Amino acid sequence: MRQLRKVLPRWRVPTASETAAHCRSFLSLYGGKGKAARSLSSRGWATAEVDACISAMNNLDSEEARRDVDDLAAEVSLLGIELDCATFSLARRGKSGSSTPQRLRDRRRPWGLPGLVGSNLQKLRSANARVRHAIRLILRSIWRKQSGYLENPLGLILWHIVRKEFHSVLASGYARLVDTDLCCFGTPWRKPTKVLIWGAHVHEVVLPRCHPCNKLCSTSGKPHYQLSSTVSCKELVHNCVFKTRQAQVYPAKFESRLLDQLAPR
């Protein structure tokens with residue numbers, strides 16, 4: 001692998017030289033708090049995390065940064081991608097000129113609505129470039145017979161693009177789409193989530209679903225916290241972070257359950 005010119009990953013490498021020489025490796029893109037990387041590192045994996053929250057150098061809007069990530073992805077055993085879902089969310093209901101986020105896409109036009117200008121157009125173009133890059137990375141990973149996952153909320157317009165772009169590999173069984181609910185892993189919100197998975201163990205992955213009874217979560221027995229209502233979207237938690245933003249962090253139990261099956265010990 002050539003020397004990285006742009007990105008500054010956060011590395012976690014096994015300390016024992018013998019273990020390091022034979023360990024498996026994981027690349028996390030847009031992984032935020034790095035729960036998947038920590039989970040695999042605890043098992044002796046070497047991990048690299050590329051996310052703008054780690055360093056501003058990890059902004060993958062630049063072609064140079066994407067080339068660095070291409071080189072990293074070519075060397076790893078497992079690839080994990082957690083794209084920012086903001087521009088793909090149907091929860092964006094604001095009208096043009098309002099203070100609330102404006103919808104940038106719909107199911108008929110998943111790559112973007114016409115007539116967008118200013119910061120909305122810039123956000124759309126940036127997100128589209130990241131999605132196209134992620135698609136290329138995943139297809140290359142599949143052809144290299146590596147393993148990996150792409151995870152995002154189930155209702156996003158993103159999945160319309162995924163189904164189209166990965167139609168042949170999904171039909172052939174090289175990849176699968178698996179649904180789950182994050183309340184099954186301890187969150188107060190249900191947050192239905194979809195995961196695109198690929199690799200040698202792709203058909204062994206089973207994730208739980210919530211089956212509410214009388215509007216109560218089948219795991220906790222309590223009502224789900226609503227993230228999509230007009231009231232809850234405006235509520236702030238104690239540290240001034242929107243509840244919807246807080247819910248973007250995947251629970252450690254979910255990451256561990258997925259990785260235990262996709263990359264067994």
# chains A, B, ... in the order shown; residues from 1 in each chain; ligands from 1

call {"tool": "closest_atom_pairs", "arguments": {"of": "segment 125-184 of chain A", "to": "segment 201-211 of chain A", "cutoff": "7 Å", "atoms": "only C-alpha atoms", "output": "Markdown table"}}
result
| residue | atom | partner | partner_atom | distance |
| --- | --- | --- | --- | --- |
| A:Ala175 | CA | A:Val202 | CA | 6.6 |
| A:Arg176 | CA | A:Val202 | CA | 6.8 |
| A:Thr180 | CA | A:Arg209 | CA | 4.9 |
| A:Asp181 | CA | A:Arg209 | CA | 5.3 |
| A:Cys184 | CA | A:Cys210 | CA | 6.4 |

call {"tool": "write_last_selection", "arguments": {"atoms": "C-alpha atoms", "output": "short mmCIF file (atom, residue, chain, number, x, y, z; two decimals), in the first residue's frame"}}
result
data_model
loop_
_atom_site.label_atom_id
_atom_site.label_comp_id
_atom_site.auth_asym_id
_atom_site.auth_seq_id
_atom_site.Cartn_x
_atom_site.Cartn_y
_atom_site.Cartn_z
CA ALA A 175 -24.78 -10.00 -0.65
CA ARG A 176 -27.92 -9.77 1.50
CA THR A 180 -33.47 -5.30 12.51
CA ASP A 181 -34.76 -2.91 15.20
CA CYS A 184 -33.77 -5.17 20.51
#

call {"tool": "residues_around", "arguments": {"residues": "segment 74-81 of chain A", "least_positions_apart": "4", "cutoff": "9 Å", "atoms": "only C-alpha atoms", "output": "ChimeraX atom specification"}}
result
/A:1,24-31,36,47,69-70,134,137-138,140-141,144-151,199,263

call {"tool": "select_by_dssp", "arguments": {"residues": "segment 89-165 of chain A", "states": "helix (DSSP H, G or I)", "output": "JSON, numbers by chain"}}
result
{"A": [118, 119, 120, 121, 122, 123, 124, 125, 126, 127, 128, 129, 130, 131, 132, 133, 134, 135, 136, 137, 138, 139, 140, 141, 142, 143, 158, 159, 160, 161, 162, 163, 164, 165]}

call {"tool": "closest_atom_pairs", "arguments": {"of": "segment 4-101 of chain A", "to": "segment 152-167 of chain A", "cutoff": "9 Å", "atoms": "only C-alpha atoms", "output": "CSV"}}
result
residue,atom,partner,partner_atom,distance
A:Glu82,CA,A:Asn152,CA,6.5
A:Leu83,CA,A:Asn152,CA,7.0
A:Asp84,CA,A:Asn152,CA,8.2
A:Cys85,CA,A:Asn152,CA,6.9
A:Phe88,CA,A:Ile157,CA,5.3
A:Ser89,CA,A:Leu156,CA,5.5
A:Leu90,CA,A:Leu156,CA,6.7

call {"tool": "write_last_selection", "arguments": {"atoms": "C-alpha atoms", "output": "mmCIF file, in the first residue's frame"}}
result
data_model
loop_
_atom_site.group_PDB
_atom_site.id
_atom_site.type_symbol
_atom_site.label_atom_id
_atom_site.label_comp_id
_atom_site.auth_asym_id
_atom_site.auth_seq_id
_atom_site.Cartn_x
_atom_site.Cartn_y
_atom_site.Cartn_z
ATOM 1 C CA GLU A 82 -21.990 3.937 8.173
ATOM 2 C CA LEU A 83 -22.944 6.756 5.807
ATOM 3 C CA ASP A 84 -24.441 9.944 7.215
ATOM 4 C CA CYS A 85 -28.169 9.596 6.622
ATOM 5 C CA PHE A 88 -31.616 10.788 2.676
ATOM 6 C CA SER A 89 -34.100 11.204 5.508
ATOM 7 C CA LEU A 90 -37.817 11.506 4.806
#

call {"tool": "residues_around", "arguments": {"residues": "segment 189-191 of chain A", "least_positions_apart": "2", "cutoff": "12 Å", "atoms": "only C-alpha atoms", "output": "ChimeraX atom specification"}}
result
/A:152-156,179-187,193-194,208-212,215-228,232,243-244,246-251

call {"tool": "closest_residue", "arguments": {"among": "A:Arg107, A:Val7, A:Gly34, A:Ser172", "to": "Asn58 of chain A", "atoms": "only C-alpha atoms"}}
result
A:Val7

call {"tool": "atom_distance", "arguments": {"atom1": "atom CA of Ala129 of chain A", "atom2": "atom CA of Trp111 of chain A"}}
result
10.3 Å

call {"tool": "atom_distance", "arguments": {"atom1": "atom CA of Ser39 of chain A", "atom2": "atom CA of Ala52 of chain A"}}
result
20.4 Å

call {"tool": "residues_around", "arguments": {"residues": "Trp45 of chain A", "least_positions_apart": "3", "cutoff": "9 Å", "atoms": "only C-alpha atoms", "output": "ChimeraX atom specification"}}
result
/A:12-14,19-20,23-26,37,39-42

call {"tool": "closest_residue", "arguments": {"among": "A:Arg43, A:Arg5, A:Arg67, A:Arg10", "to": "Asp260 of chain A", "atoms": "only C-alpha atoms"}}
result
A:Arg43

call {"tool": "select_by_dssp", "arguments": {"residues": "segment 4-245 of chain A", "states": "strand (DSSP E or B)", "output": "VMD selection string"}}
result
chain A and resid 10 to 12 25 to 29 46 to 50 78 to 81 94 102 147 to 153 175 to 181 192 to 198 213 216 236 242

call {"tool": "decode", "arguments": {"residues": "segment 112-165 of chain A", "atoms": "C-alpha atoms", "output": "PDB file, in the first residue's frame"}}
result
ATOM      1  CA  GLY A 112     -31.773  14.627  -5.647  1.00  0.00           C
ATOM      2  CA  LEU A 113     -34.679  16.971  -6.298  1.00  0.00           C
ATOM      3  CA  PRO A 114     -34.396  19.618  -9.028  1.00  0.00           C
ATOM      4  CA  GLY A 115     -34.104  23.279  -8.158  1.00  0.00           C
ATOM      5  CA  LEU A 116     -31.900  22.940  -5.069  1.00  0.00           C
ATOM      6  CA  VAL A 117     -29.502  25.834  -4.489  1.00  0.00           C
ATOM      7  CA  GLY A 118     -26.906  27.047  -2.002  1.00  0.00           C
ATOM      8  CA  SER A 119     -26.039  24.886   0.984  1.00  0.00           C
ATOM      9  CA  ASN A 120     -28.738  22.316   0.168  1.00  0.00           C
ATOM     10  CA  LEU A 121     -27.227  21.703  -3.263  1.00  0.00           C
ATOM     11  CA  GLN A 122     -23.754  21.495  -1.742  1.00  0.00           C
ATOM     12  CA  LYS A 123     -24.940  18.948   0.857  1.00  0.00           C
ATOM     13  CA  LEU A 124     -26.615  16.881  -1.846  1.00  0.00           C
ATOM     14  CA  ARG A 125     -23.535  16.806  -4.087  1.00  0.00           C
ATOM     15  CA  SER A 126     -21.255  15.909  -1.184  1.00  0.00           C
ATOM     16  CA  ALA A 127     -23.529  13.075  -0.028  1.00  0.00           C
ATOM     17  CA  ASN A 128     -23.937  11.745  -3.574  1.00  0.00           C
ATOM     18  CA  ALA A 129     -20.167  11.630  -4.069  1.00  0.00           C
ATOM     19  CA  ARG A 130     -19.780   9.662  -0.827  1.00  0.00           C
ATOM     20  CA  VAL A 131     -22.499   7.218  -1.807  1.00  0.00           C
ATOM     21  CA  ARG A 132     -20.962   6.615  -5.237  1.00  0.00           C
ATOM     22  CA  HIS A 133     -17.590   6.064  -3.602  1.00  0.00           C
ATOM     23  CA  ALA A 134     -19.132   3.641  -1.091  1.00  0.00           C
ATOM     24  CA  ILE A 135     -20.775   1.695  -3.932  1.00  0.00           C
ATOM     25  CA  ARG A 136     -17.419   1.310  -5.697  1.00  0.00           C
ATOM     26  CA  LEU A 137     -15.722   0.232  -2.464  1.00  0.00           C
ATOM     27  CA  ILE A 138     -18.384  -2.389  -1.739  1.00  0.00           C
ATOM     28  CA  LEU A 139     -18.321  -3.865  -5.237  1.00  0.00           C
ATOM     29  CA  ARG A 140     -14.522  -4.127  -5.121  1.00  0.00           C
ATOM     30  CA  SER A 141     -14.715  -5.690  -1.662  1.00  0.00           C
ATOM     31  CA  ILE A 142     -17.169  -8.322  -2.939  1.00  0.00           C
ATOM     32  CA  TRP A 143     -14.984  -9.182  -5.935  1.00  0.00           C
ATOM     33  CA  ARG A 144     -11.946  -9.495  -3.635  1.00  0.00           C
ATOM     34  CA  LYS A 145     -13.956 -11.968  -1.532  1.00  0.00           C
ATOM     35  CA  GLN A 146     -13.697  -9.729   1.513  1.00  0.00           C
ATOM     36  CA  SER A 147     -16.516  -9.240   4.014  1.00  0.00           C
ATOM     37  CA  GLY A 148     -18.314  -6.115   5.088  1.00  0.00           C
ATOM     38  CA  TYR A 149     -21.469  -4.187   5.856  1.00  0.00           C
ATOM     39  CA  LEU A 150     -23.280  -0.961   5.114  1.00  0.00           C
ATOM     40  CA  GLU A 151     -25.793   0.050   7.792  1.00  0.00           C
ATOM     41  CA  ASN A 152     -28.412   2.816   7.830  1.00  0.00           C
ATOM     42  CA  PRO A 153     -31.995   3.378   9.019  1.00  0.00           C
ATOM     43  CA  LEU A 154     -34.477   1.171   7.187  1.00  0.00           C
ATOM     44  CA  GLY A 155     -36.752   3.911   5.809  1.00  0.00           C
ATOM     45  CA  LEU A 156     -34.085   5.936   4.038  1.00  0.00           C
ATOM     46  CA  ILE A 157     -34.237   6.759   0.342  1.00  0.00           C
ATOM     47  CA  LEU A 158     -30.647   5.447   0.211  1.00  0.00           C
ATOM     48  CA  TRP A 159     -31.954   1.876   0.021  1.00  0.00           C
ATOM     49  CA  HIS A 160     -33.690   2.597  -3.287  1.00  0.00           C
ATOM     50  CA  ILE A 161     -30.235   3.343  -4.700  1.00  0.00           C
ATOM     51  CA  VAL A 162     -28.682   0.294  -3.023  1.00  0.00           C
ATOM     52  CA  ARG A 163     -31.262  -2.127  -4.419  1.00  0.00           C
ATOM     53  CA  LYS A 164     -30.691  -0.820  -7.929  1.00  0.00           C
ATOM     54  CA  GLU A 165     -26.892  -0.642  -7.793  1.00  0.00           C
TER      55      GLU A 165
END
